[in-house]
Structure formats: C-alpha cells, structure tokens
$ cat coords_31.cif   # mmCIF, C-alpha atoms
data_final
#
loop_
_atom_site.group_PDB
_atom_site.id
_atom_site.type_symbol
_atom_site.label_atom_id
_atom_site.label_comp_id
_atom_site.auth_asym_id
_atom_site.auth_seq_id
_atom_site.Cartn_x
_atom_site.Cartn_y
_atom_site.Cartn_z
ATOM 1 C CA MET A 1 -73.790 13.188 23.753
ATOM 2 C CA THR A 2 -71.469 12.768 26.726
ATOM 3 C CA GLY A 3 -69.930 15.584 28.752
ATOM 4 C CA ILE A 4 -66.498 14.602 27.430
ATOM 5 C CA ILE A 5 -67.550 15.176 23.813
ATOM 6 C CA LEU A 6 -69.193 18.481 24.682
ATOM 7 C CA ASN A 7 -66.051 19.618 26.461
ATOM 8 C CA LYS A 8 -63.944 18.720 23.417
ATOM 9 C CA ILE A 9 -66.294 20.760 21.211
ATOM 10 C CA LYS A 10 -66.095 23.745 23.560
ATOM 11 C CA GLU A 11 -62.302 23.536 23.733
ATOM 12 C CA ALA A 12 -61.950 23.334 19.943
ATOM 13 C CA LYS A 13 -63.991 26.510 19.411
ATOM 14 C CA LYS A 14 -64.797 25.435 15.881
ATOM 15 C CA LYS A 15 -67.950 25.790 13.861
ATOM 16 C CA THR A 16 -70.113 22.830 14.839
ATOM 17 C CA ILE A 17 -73.317 21.230 13.582
ATOM 18 C CA LEU A 18 -75.362 19.073 15.912
ATOM 19 C CA VAL A 19 -76.873 16.135 14.016
ATOM 20 C CA ILE A 20 -79.576 14.120 15.767
ATOM 21 C CA ASN A 21 -80.294 10.827 14.021
ATOM 22 C CA LYS A 22 -83.243 8.385 14.184
ATOM 23 C CA ILE A 23 -85.901 11.074 14.442
ATOM 24 C CA ASP A 24 -88.342 8.568 12.945
ATOM 25 C CA LEU A 25 -88.226 6.682 16.256
ATOM 26 C CA VAL A 26 -89.080 9.508 18.669
ATOM 27 C CA LYS A 27 -92.037 11.780 19.251
ATOM 28 C CA ARG A 28 -91.821 15.403 18.148
ATOM 29 C CA GLU A 29 -92.112 16.693 21.728
ATOM 30 C CA THR A 30 -89.237 14.480 22.875
ATOM 31 C CA LEU A 31 -87.106 15.679 19.971
ATOM 32 C CA LEU A 32 -87.792 19.354 20.710
ATOM 33 C CA ASN A 33 -86.874 18.861 24.373
ATOM 34 C CA LEU A 34 -83.628 17.165 23.372
ATOM 35 C CA ILE A 35 -82.708 19.993 20.986
ATOM 36 C CA GLU A 36 -83.435 22.555 23.713
ATOM 37 C CA GLN A 37 -81.178 20.729 26.170
ATOM 38 C CA TYR A 38 -78.259 20.710 23.723
ATOM 39 C CA ARG A 39 -78.775 24.371 22.804
ATOM 40 C CA LYS A 40 -78.327 25.261 26.470
ATOM 41 C CA GLU A 41 -75.028 23.374 26.524
ATOM 42 C CA TYR A 42 -73.466 24.899 23.408
ATOM 43 C CA ASN A 43 -74.205 27.462 20.707
ATOM 44 C CA PHE A 44 -74.232 25.149 17.693
ATOM 45 C CA ASP A 45 -74.097 26.761 14.258
ATOM 46 C CA ALA A 46 -76.977 24.525 13.206
ATOM 47 C CA VAL A 47 -79.064 21.704 14.616
ATOM 48 C CA ILE A 48 -80.212 19.175 12.022
ATOM 49 C CA PRO A 49 -82.511 16.311 13.064
ATOM 50 C CA ILE A 50 -82.262 13.536 10.475
ATOM 51 C CA SER A 51 -83.320 10.003 9.711
ATOM 52 C CA ALA A 52 -80.442 8.314 7.913
ATOM 53 C CA LEU A 53 -82.588 5.250 7.333
ATOM 54 C CA LYS A 54 -85.320 7.197 5.548
ATOM 55 C CA GLN A 55 -82.923 9.765 4.024
ATOM 56 C CA ASP A 56 -84.912 12.515 5.743
ATOM 57 C CA LYS A 57 -83.230 15.958 5.996
ATOM 58 C CA ILE A 58 -79.990 14.668 4.449
ATOM 59 C CA THR A 59 -80.048 17.382 1.794
ATOM 60 C CA GLU A 60 -80.442 20.051 4.478
ATOM 61 C CA LEU A 61 -77.465 18.597 6.350
ATOM 62 C CA VAL A 62 -75.243 18.731 3.246
ATOM 63 C CA GLU A 63 -76.313 22.338 2.612
ATOM 64 C CA GLU A 64 -75.411 23.360 6.174
ATOM 65 C CA ILE A 65 -72.016 21.682 5.887
ATOM 66 C CA GLU A 66 -71.346 23.518 2.625
ATOM 67 C CA LYS A 67 -72.191 26.845 4.277
ATOM 68 C CA LEU A 68 -69.497 26.299 6.915
ATOM 69 C CA LEU A 69 -66.761 25.093 4.575
ATOM 70 C CA PRO A 70 -63.955 27.595 3.927
ATOM 71 C CA VAL A 71 -63.594 29.019 0.440
ATOM 72 C CA GLY A 72 -60.704 27.415 -1.425
ATOM 73 C CA PRO A 73 -59.349 26.789 -4.912
ATOM 74 C CA ALA A 74 -61.374 24.584 -7.282
ATOM 75 C CA TYR A 75 -59.201 21.551 -7.907
ATOM 76 C CA TYR A 76 -61.860 19.880 -10.049
ATOM 77 C CA ASP A 77 -64.641 21.036 -12.341
ATOM 78 C CA ILE A 78 -67.884 21.755 -10.509
ATOM 79 C CA ASP A 79 -69.605 18.755 -12.137
ATOM 80 C CA GLU A 80 -66.696 16.378 -11.483
ATOM 81 C CA TYR A 81 -67.568 14.466 -8.324
ATOM 82 C CA THR A 82 -64.846 11.796 -8.456
ATOM 83 C CA ASP A 83 -61.315 11.237 -9.779
ATOM 84 C CA GLN A 84 -62.164 7.708 -10.860
ATOM 85 C CA THR A 85 -62.878 6.864 -14.475
ATOM 86 C CA MET A 86 -66.348 5.836 -15.631
ATOM 87 C CA ARG A 87 -64.961 2.355 -16.251
ATOM 88 C CA GLN A 88 -63.789 2.068 -12.636
ATOM 89 C CA LEU A 89 -67.121 3.326 -11.350
ATOM 90 C CA ALA A 90 -68.927 0.759 -13.503
ATOM 91 C CA GLU A 91 -66.723 -1.983 -12.063
ATOM 92 C CA GLU A 92 -67.474 -0.856 -8.518
ATOM 93 C CA ILE A 93 -71.227 -0.760 -9.169
ATOM 94 C CA ILE A 94 -71.272 -4.307 -10.579
ATOM 95 C CA ARG A 95 -69.112 -5.623 -7.729
ATOM 96 C CA GLU A 96 -71.289 -3.903 -5.112
ATOM 97 C CA LYS A 97 -74.448 -5.462 -6.553
ATOM 98 C CA ALA A 98 -72.847 -8.893 -6.641
ATOM 99 C CA LEU A 99 -71.709 -8.711 -3.014
ATOM 100 C CA ARG A 100 -75.044 -7.313 -1.842
ATOM 101 C CA LEU A 101 -77.106 -10.005 -3.567
ATOM 102 C CA LEU A 102 -74.786 -12.883 -2.681
ATOM 103 C CA GLU A 103 -74.435 -11.755 0.960
ATOM 104 C CA ASP A 104 -72.484 -14.477 2.832
ATOM 105 C CA GLU A 105 -72.698 -17.121 0.099
ATOM 106 C CA VAL A 106 -69.501 -15.943 -1.581
ATOM 107 C CA PRO A 107 -66.549 -14.316 0.255
ATOM 108 C CA HIS A 108 -65.506 -10.832 -0.789
ATOM 109 C CA GLY A 109 -62.757 -12.337 -2.923
ATOM 110 C CA LEU A 110 -64.135 -11.222 -6.230
ATOM 111 C CA TYR A 111 -63.363 -8.358 -8.555
ATOM 112 C CA VAL A 112 -64.866 -6.993 -11.730
ATOM 113 C CA GLU A 113 -63.125 -6.003 -14.946
ATOM 114 C CA VAL A 114 -64.903 -4.011 -17.644
ATOM 115 C CA GLU A 115 -63.449 -5.075 -20.995
ATOM 116 C CA LYS A 116 -65.685 -2.874 -23.123
ATOM 117 C CA MET A 117 -67.471 0.395 -22.470
ATOM 118 C CA LYS A 118 -68.538 2.185 -25.618
ATOM 119 C CA LEU A 119 -71.206 4.767 -26.371
ATOM 120 C CA ARG A 120 -73.146 4.279 -29.593
ATOM 121 C CA HIS A 121 -76.076 5.875 -31.332
ATOM 122 C CA THR A 122 -79.084 3.859 -32.465
ATOM 123 C CA LYS A 123 -80.986 4.376 -35.694
ATOM 124 C CA ASN A 124 -83.536 6.338 -33.692
ATOM 125 C CA GLU A 125 -80.741 8.705 -32.595
ATOM 126 C CA LEU A 126 -80.774 7.396 -29.032
ATOM 127 C CA ASN A 127 -77.600 7.033 -26.978
ATOM 128 C CA ILE A 128 -76.775 3.662 -25.478
ATOM 129 C CA TYR A 129 -73.689 2.386 -23.643
ATOM 130 C CA ASP A 130 -72.512 -1.125 -24.497
ATOM 131 C CA ILE A 131 -70.716 -2.504 -21.445
ATOM 132 C CA GLU A 132 -69.108 -5.930 -21.202
ATOM 133 C CA ALA A 133 -67.752 -7.027 -17.827
ATOM 134 C CA THR A 134 -66.287 -10.131 -16.223
ATOM 135 C CA ILE A 135 -66.741 -11.012 -12.567
ATOM 136 C CA TYR A 136 -63.675 -12.905 -11.307
ATOM 137 C CA CYS A 137 -63.914 -15.182 -8.264
ATOM 138 C CA LEU A 138 -61.528 -17.480 -6.393
ATOM 139 C CA ARG A 139 -63.242 -20.884 -6.645
ATOM 140 C CA ASN A 140 -65.267 -22.921 -9.108
ATOM 141 C CA SER A 141 -67.847 -23.397 -6.370
ATOM 142 C CA HIS A 142 -68.165 -19.610 -6.117
ATOM 143 C CA LYS A 143 -68.658 -19.369 -9.881
ATOM 144 C CA GLY A 144 -71.694 -21.628 -9.709
ATOM 145 C CA ILE A 145 -73.240 -19.573 -6.919
ATOM 146 C CA ILE A 146 -72.650 -16.281 -8.752
ATOM 147 C CA ILE A 147 -74.257 -17.620 -11.920
ATOM 148 C CA GLY A 148 -77.102 -19.303 -10.037
ATOM 149 C CA LYS A 149 -79.578 -21.876 -11.255
ATOM 150 C CA ASN A 150 -80.212 -21.306 -14.960
ATOM 151 C CA GLY A 151 -78.255 -18.045 -14.696
ATOM 152 C CA THR A 152 -80.838 -16.380 -12.418
ATOM 153 C CA MET A 153 -78.364 -14.827 -9.958
ATOM 154 C CA LEU A 154 -76.079 -13.413 -12.646
ATOM 155 C CA LYS A 155 -79.120 -11.986 -14.410
ATOM 156 C CA LYS A 156 -80.286 -10.354 -11.177
ATOM 157 C CA ILE A 157 -76.829 -8.861 -10.561
ATOM 158 C CA GLY A 158 -76.811 -7.508 -14.111
ATOM 159 C CA THR A 159 -80.291 -6.032 -13.807
ATOM 160 C CA TYR A 160 -79.577 -4.110 -10.595
ATOM 161 C CA ALA A 161 -76.172 -2.981 -11.857
ATOM 162 C CA ARG A 162 -77.661 -1.798 -15.155
ATOM 163 C CA GLN A 163 -80.267 0.293 -13.330
ATOM 164 C CA ASP A 164 -77.567 2.089 -11.323
ATOM 165 C CA LEU A 165 -75.354 2.491 -14.388
ATOM 166 C CA GLU A 166 -78.196 4.111 -16.318
ATOM 167 C CA LYS A 167 -78.706 6.588 -13.493
ATOM 168 C CA MET A 168 -74.989 7.391 -13.374
ATOM 169 C CA LEU A 169 -74.531 7.674 -17.145
ATOM 170 C CA GLU A 170 -77.968 9.221 -17.733
ATOM 171 C CA THR A 171 -78.564 7.012 -20.749
ATOM 172 C CA LYS A 172 -79.622 3.474 -21.648
ATOM 173 C CA VAL A 173 -77.129 0.694 -20.937
ATOM 174 C CA ASN A 174 -76.695 -2.679 -22.615
ATOM 175 C CA LEU A 175 -74.805 -4.707 -19.985
ATOM 176 C CA LYS A 176 -73.338 -8.158 -20.585
ATOM 177 C CA THR A 177 -71.610 -10.028 -17.754
ATOM 178 C CA TRP A 178 -69.569 -13.215 -17.484
ATOM 179 C CA VAL A 179 -68.051 -15.114 -14.553
ATOM 180 C CA LYS A 180 -64.521 -16.565 -14.544
ATOM 181 C CA VAL A 181 -62.285 -18.190 -11.933
ATOM 182 C CA ASN A 182 -58.910 -16.630 -11.071
ATOM 183 C CA GLU A 183 -57.667 -18.480 -7.996
ATOM 184 C CA ASP A 184 -54.605 -16.371 -7.277
ATOM 185 C CA TRP A 185 -55.755 -12.900 -8.294
ATOM 186 C CA GLN A 186 -55.348 -11.578 -4.743
ATOM 187 C CA ASP A 187 -51.604 -12.242 -5.003
ATOM 188 C CA LYS A 188 -51.249 -10.164 -8.163
ATOM 189 C CA GLU A 189 -50.276 -6.643 -7.137
ATOM 190 C CA ASN A 190 -51.238 -5.109 -10.474
ATOM 191 C CA ILE A 191 -54.838 -6.341 -10.118
ATOM 192 C CA VAL A 192 -55.220 -5.298 -6.499
ATOM 193 C CA LYS A 193 -53.724 -1.853 -7.199
ATOM 194 C CA ASN A 194 -55.724 -1.379 -10.380
ATOM 195 C CA PHE A 195 -59.068 -2.068 -8.761
ATOM 196 C CA LYS A 196 -58.227 -0.330 -5.473
ATOM 197 C CA LEU A 197 -59.637 -3.131 -3.373
ATOM 198 C CA ASN A 198 -58.953 -3.589 0.322
ATOM 199 C CA ILE A 199 -58.169 -7.244 0.703
#

$ encode --input "coords_31.cif" --output "structure tokens"
Amino acid sequence: MTGIILNKIKEAKKKTILVINKIDLVKRETLLNLIEQYRKEYNFDAVIPISALKQDKITELVEEIEKLLPVGPAYYDIDEYTDQTMRQLAEEIIREKALRLLEDEVPHGLYVEVEKMKLRHTKNELNIYDIEATIYCLRNSHKGIIIGKNGTMLKKIGTYARQDLEKMLETKVNLKTWVKVNEDWQDKENIVKNFKLNI
C-alpha cells in the first residue's frame, strides 16, 4: 500500500478494513510483520488476511463488512439476493459455462434464451425442473464448435450448467440445450436489452 493511498484513507476518516491477499504465498512470520507495519500506520477497524484463490477467510471478510454497514431499510426480502428472475439467472449460468469451456474458440457473441422452465413432481414425489434453452451464436462455424464432435462440447456445457442450476434451485434439473445461428442478433435492441449483455 502506497503512502498516497494511506493518506487518502486518513483524510477520509471512514471505517476501513485492511485486506491482505495471497496469504498462501507468504510465510506466517512475514505476514505478521506486514500486519504490524500497517497497524502502526493506521487504526484499521479490521485486518483480514485472505487467499482469494483458495477462498480462504472470505466468509470472515464478508462478516466484517456487514458489521460496518449502516442500518437501512430492507428493500428486498432477506432471502432475495438478486432482482433477476430465475429464468435470467439460468440463462446467465448456461452462457457462462459455454464461454468458459469454449475459451477463445468462439467470440463472446452468443446469448442464451430459456424457452421452458417448469417445476414438476415425479411419481416418487420428487421435485424436478425441466429447462429447455437455446444457445444463439453469430456464425455457422461457431455452431459446429459449440456442439463439438458428436455433440461432446454441448453435452459438457449442459452438464456443468445443470450442476450449477441444481445448486441454485436446490432440486434436480432436467436440462436440454440446442444451438442456433442468429447472425444479426447484436443489432436487435430488444435482445440486447432483454439479456442485459455488454456487447
């Protein structure tokens, strides 16, 4: 942390948490010395050493942030963590898995539309979500890459997306996906606005 940043913190006189990342790369003694140095510079409300890579101490960081937040009106229910619909979240999850697995093979010019998302009960009284989604891309060449040889890539995208969807919905998911070409979808304002994509 530079002297300029420290000076800004001191001038602001606000509640401040010092977060030290990458603790998995330093020795404990080095870390303790670093914390001591910063404590001499400023009276931080909390000092949280974390490893973002290993998700170490992230929960503690969130808890400390919550302690310092001012009390305000509840605009949403306590269990409502987003203003997006479940359908939109499902679309984002499928798109994220596609982009992650395809990496640089296909440009980010693809979007996902969930045509069906329905909860049903099986004969064994189990809940299951039936979800049908289409992945739209810009080129026929992209379509082939997304599907993959013998459908292997599309199956992999569906598998990873289904796992995340089951965690989010806390129930079993039956996910079916298709791939279609829509060459000019980026020029259609209603699509771009609907899916909230940054083109």

$ resolve_selection --input "coords_31.cif" --expression "the PyMOL selection byres ((chain A and resi 109-126) around 8)" --output "VMD selection string"
chain A and resid 87 to 88 90 to 92 94 to 95 106 to 108 127 to 138 186 195 199

$ closest_residue --input "coords_31.cif" --among "A:Lys172, A:Lys40, A:Lys97, A:Arg28" --to "Leu154 in chain A" --atoms "all atoms listed in the file"
A:Lys97

$ atom_distance --input "coords_31.cif" --atom1 "CA of Ile23 in chain A" --atom2 "CA of Asp56 in chain A"
8.9 Å

$ atom_distance --input "coords_31.cif" --atom1 "CA of Ile93 in chain A" --atom2 "CA of Ser51 in chain A"
24.9 Å

$ resolve_selection --input "coords_31.cif" --expression "the PyMOL selection byres ((chain A and resi 21) around 7)" --output "list in words"
Val19, Ile20, Lys22, Ile23, Pro49, Ile50, Ser51 and Ala52 of chain A

$ atom_distance --input "coords_31.cif" --atom1 "CA of Leu18 in chain A" --atom2 "CA of Gly3 in chain A"
14.4 Å

$ resolve_selection --input "coords_31.cif" --expression "the PyMOL selection byres ((chain A and resi 68) around 12)" --output "list in words"
Lys14, Lys15, Thr16, Ile17, Phe44, Asp45, Ala46, Leu61, Val62, Glu63, Glu64, Ile65, Glu66, Lys67, Leu69, Pro70 and Val71 of chain A

$ closest_residue --input "coords_31.cif" --among "A:Tyr160, A:Tyr38, A:Lys149, A:Glu29" --to "Ala98 in chain A" --atoms "only C-alpha atoms"
A:Tyr160

$ residues_around --input "coords_31.cif" --residues "range 101-103 of chain A" --least-positions-apart "4" --cutoff "9 Å" --atoms "only C-alpha atoms" --output "PyMOL selection string"
chain A and resi 96-97+107+145-146+153+156-157

$ closest_residue --input "coords_31.cif" --among "A:Leu25, A:Val181, A:Ala12, A:Leu175" --to "Lys54 in chain A" --atoms "only C-alpha atoms"
A:Leu25

$ closest_residue --input "coords_31.cif" --among "A:Arg139, A:Arg162, A:Lys167, A:Arg100" --to "Val179 in chain A" --atoms "all atoms listed in the file"
A:Arg139

$ axis_aligned_box --input "coords_31.cif" --around "range 116-135 of chain A" --padding-each-side "3 Å" --output "JSON"
{"center_x": -74.6, "center_y": -1.2, "center_z": -24.1, "size_x": 23.9, "size_y": 25.7, "size_z": 29.1}

$ build_atoms --input "coords_31.cif" --residues "range 124-151 of chain A" --atoms "N, CA and C atoms" --output "PDB file, in the coordinates of the input"
ATOM      1  N   ASN A 124     -82.557   5.338 -34.153  1.00  0.00           N
ATOM      2  CA  ASN A 124     -83.536   6.338 -33.692  1.00  0.00           C
ATOM      3  C   ASN A 124     -82.869   7.517 -32.998  1.00  0.00           C
ATOM      4  N   GLU A 125     -81.530   7.612 -33.165  1.00  0.00           N
ATOM      5  CA  GLU A 125     -80.741   8.705 -32.595  1.00  0.00           C
ATOM      6  C   GLU A 125     -80.781   8.714 -31.061  1.00  0.00           C
ATOM      7  N   LEU A 126     -80.834   7.530 -30.482  1.00  0.00           N
ATOM      8  CA  LEU A 126     -80.774   7.396 -29.032  1.00  0.00           C
ATOM      9  C   LEU A 126     -79.367   6.960 -28.637  1.00  0.00           C
ATOM     10  N   ASN A 127     -78.905   7.434 -27.479  1.00  0.00           N
ATOM     11  CA  ASN A 127     -77.600   7.033 -26.978  1.00  0.00           C
ATOM     12  C   ASN A 127     -77.738   5.772 -26.137  1.00  0.00           C
ATOM     13  N   ILE A 128     -76.790   4.873 -26.291  1.00  0.00           N
ATOM     14  CA  ILE A 128     -76.775   3.662 -25.478  1.00  0.00           C
ATOM     15  C   ILE A 128     -75.327   3.240 -25.232  1.00  0.00           C
ATOM     16  N   TYR A 129     -75.018   2.868 -23.998  1.00  0.00           N
ATOM     17  CA  TYR A 129     -73.689   2.386 -23.643  1.00  0.00           C
ATOM     18  C   TYR A 129     -73.676   0.866 -23.729  1.00  0.00           C
ATOM     19  N   ASP A 130     -72.745   0.316 -24.482  1.00  0.00           N
ATOM     20  CA  ASP A 130     -72.512  -1.125 -24.497  1.00  0.00           C
ATOM     21  C   ASP A 130     -71.386  -1.417 -23.503  1.00  0.00           C
ATOM     22  N   ILE A 131     -71.703  -2.187 -22.477  1.00  0.00           N
ATOM     23  CA  ILE A 131     -70.716  -2.504 -21.445  1.00  0.00           C
ATOM     24  C   ILE A 131     -70.601  -4.023 -21.313  1.00  0.00           C
ATOM     25  N   GLU A 132     -69.371  -4.513 -21.389  1.00  0.00           N
ATOM     26  CA  GLU A 132     -69.108  -5.930 -21.202  1.00  0.00           C
ATOM     27  C   GLU A 132     -68.155  -6.084 -20.031  1.00  0.00           C
ATOM     28  N   ALA A 133     -68.543  -6.906 -19.051  1.00  0.00           N
ATOM     29  CA  ALA A 133     -67.752  -7.027 -17.827  1.00  0.00           C
ATOM     30  C   ALA A 133     -67.638  -8.482 -17.391  1.00  0.00           C
ATOM     31  N   THR A 134     -66.514  -8.796 -16.770  1.00  0.00           N
ATOM     32  CA  THR A 134     -66.287 -10.131 -16.223  1.00  0.00           C
ATOM     33  C   THR A 134     -66.137 -10.046 -14.711  1.00  0.00           C
ATOM     34  N   ILE A 135     -66.866 -10.898 -14.022  1.00  0.00           N
ATOM     35  CA  ILE A 135     -66.741 -11.012 -12.567  1.00  0.00           C
ATOM     36  C   ILE A 135     -65.788 -12.169 -12.287  1.00  0.00           C
ATOM     37  N   TYR A 136     -64.667 -11.870 -11.643  1.00  0.00           N
ATOM     38  CA  TYR A 136     -63.675 -12.905 -11.307  1.00  0.00           C
ATOM     39  C   TYR A 136     -63.849 -13.335  -9.852  1.00  0.00           C
ATOM     40  N   CYS A 137     -63.816 -14.650  -9.626  1.00  0.00           N
ATOM     41  CA  CYS A 137     -63.914 -15.182  -8.264  1.00  0.00           C
ATOM     42  C   CYS A 137     -62.763 -16.152  -8.021  1.00  0.00           C
ATOM     43  N   LEU A 138     -62.672 -16.666  -6.792  1.00  0.00           N
ATOM     44  CA  LEU A 138     -61.528 -17.480  -6.393  1.00  0.00           C
ATOM     45  C   LEU A 138     -61.726 -18.983  -6.578  1.00  0.00           C
ATOM     46  N   ARG A 139     -62.971 -19.454  -6.620  1.00  0.00           N
ATOM     47  CA  ARG A 139     -63.242 -20.884  -6.645  1.00  0.00           C
ATOM     48  C   ARG A 139     -64.308 -21.226  -7.685  1.00  0.00           C
ATOM     49  N   ASN A 140     -64.235 -22.445  -8.203  1.00  0.00           N
ATOM     50  CA  ASN A 140     -65.267 -22.921  -9.108  1.00  0.00           C
ATOM     51  C   ASN A 140     -66.620 -22.994  -8.422  1.00  0.00           C
ATOM     52  N   SER A 141     -66.594 -23.326  -7.124  1.00  0.00           N
ATOM     53  CA  SER A 141     -67.847 -23.397  -6.370  1.00  0.00           C
ATOM     54  C   SER A 141     -68.493 -22.013  -6.269  1.00  0.00           C
ATOM     55  N   HIS A 142     -67.656 -20.978  -6.161  1.00  0.00           N
ATOM     56  CA  HIS A 142     -68.165 -19.610  -6.117  1.00  0.00           C
ATOM     57  C   HIS A 142     -68.789 -19.233  -7.461  1.00  0.00           C
ATOM     58  N   LYS A 143     -68.165 -19.690  -8.537  1.00  0.00           N
ATOM     59  CA  LYS A 143     -68.658 -19.369  -9.881  1.00  0.00           C
ATOM     60  C   LYS A 143     -70.091 -19.853 -10.058  1.00  0.00           C
ATOM     61  N   GLY A 144     -70.346 -21.083  -9.592  1.00  0.00           N
ATOM     62  CA  GLY A 144     -71.694 -21.628  -9.709  1.00  0.00           C
ATOM     63  C   GLY A 144     -72.719 -20.835  -8.928  1.00  0.00           C
ATOM     64  N   ILE A 145     -72.324 -20.358  -7.758  1.00  0.00           N
ATOM     65  CA  ILE A 145     -73.240 -19.573  -6.919  1.00  0.00           C
ATOM     66  C   ILE A 145     -73.524 -18.219  -7.562  1.00  0.00           C
ATOM     67  N   ILE A 146     -72.487 -17.595  -8.119  1.00  0.00           N
ATOM     68  CA  ILE A 146     -72.650 -16.281  -8.752  1.00  0.00           C
ATOM     69  C   ILE A 146     -73.576 -16.383  -9.965  1.00  0.00           C
ATOM     70  N   ILE A 147     -73.395 -17.445 -10.741  1.00  0.00           N
ATOM     71  CA  ILE A 147     -74.257 -17.620 -11.920  1.00  0.00           C
ATOM     72  C   ILE A 147     -75.675 -17.991 -11.498  1.00  0.00           C
ATOM     73  N   GLY A 148     -75.785 -18.886 -10.517  1.00  0.00           N
ATOM     74  CA  GLY A 148     -77.102 -19.303 -10.037  1.00  0.00           C
ATOM     75  C   GLY A 148     -77.766 -20.314 -10.951  1.00  0.00           C
ATOM     76  N   LYS A 149     -78.850 -20.880 -10.474  1.00  0.00           N
ATOM     77  CA  LYS A 149     -79.578 -21.876 -11.255  1.00  0.00           C
ATOM     78  C   LYS A 149     -80.139 -21.231 -12.517  1.00  0.00           C
ATOM     79  N   ASN A 150     -79.776 -21.819 -13.658  1.00  0.00           N
ATOM     80  CA  ASN A 150     -80.212 -21.306 -14.960  1.00  0.00           C
ATOM     81  C   ASN A 150     -79.819 -19.836 -15.184  1.00  0.00           C
ATOM     82  N   GLY A 151     -78.758 -19.407 -14.497  1.00  0.00           N
ATOM     83  CA  GLY A 151     -78.255 -18.045 -14.696  1.00  0.00           C
ATOM     84  C   GLY A 151     -79.059 -16.967 -13.997  1.00  0.00           C
TER      85      GLY A 151
END
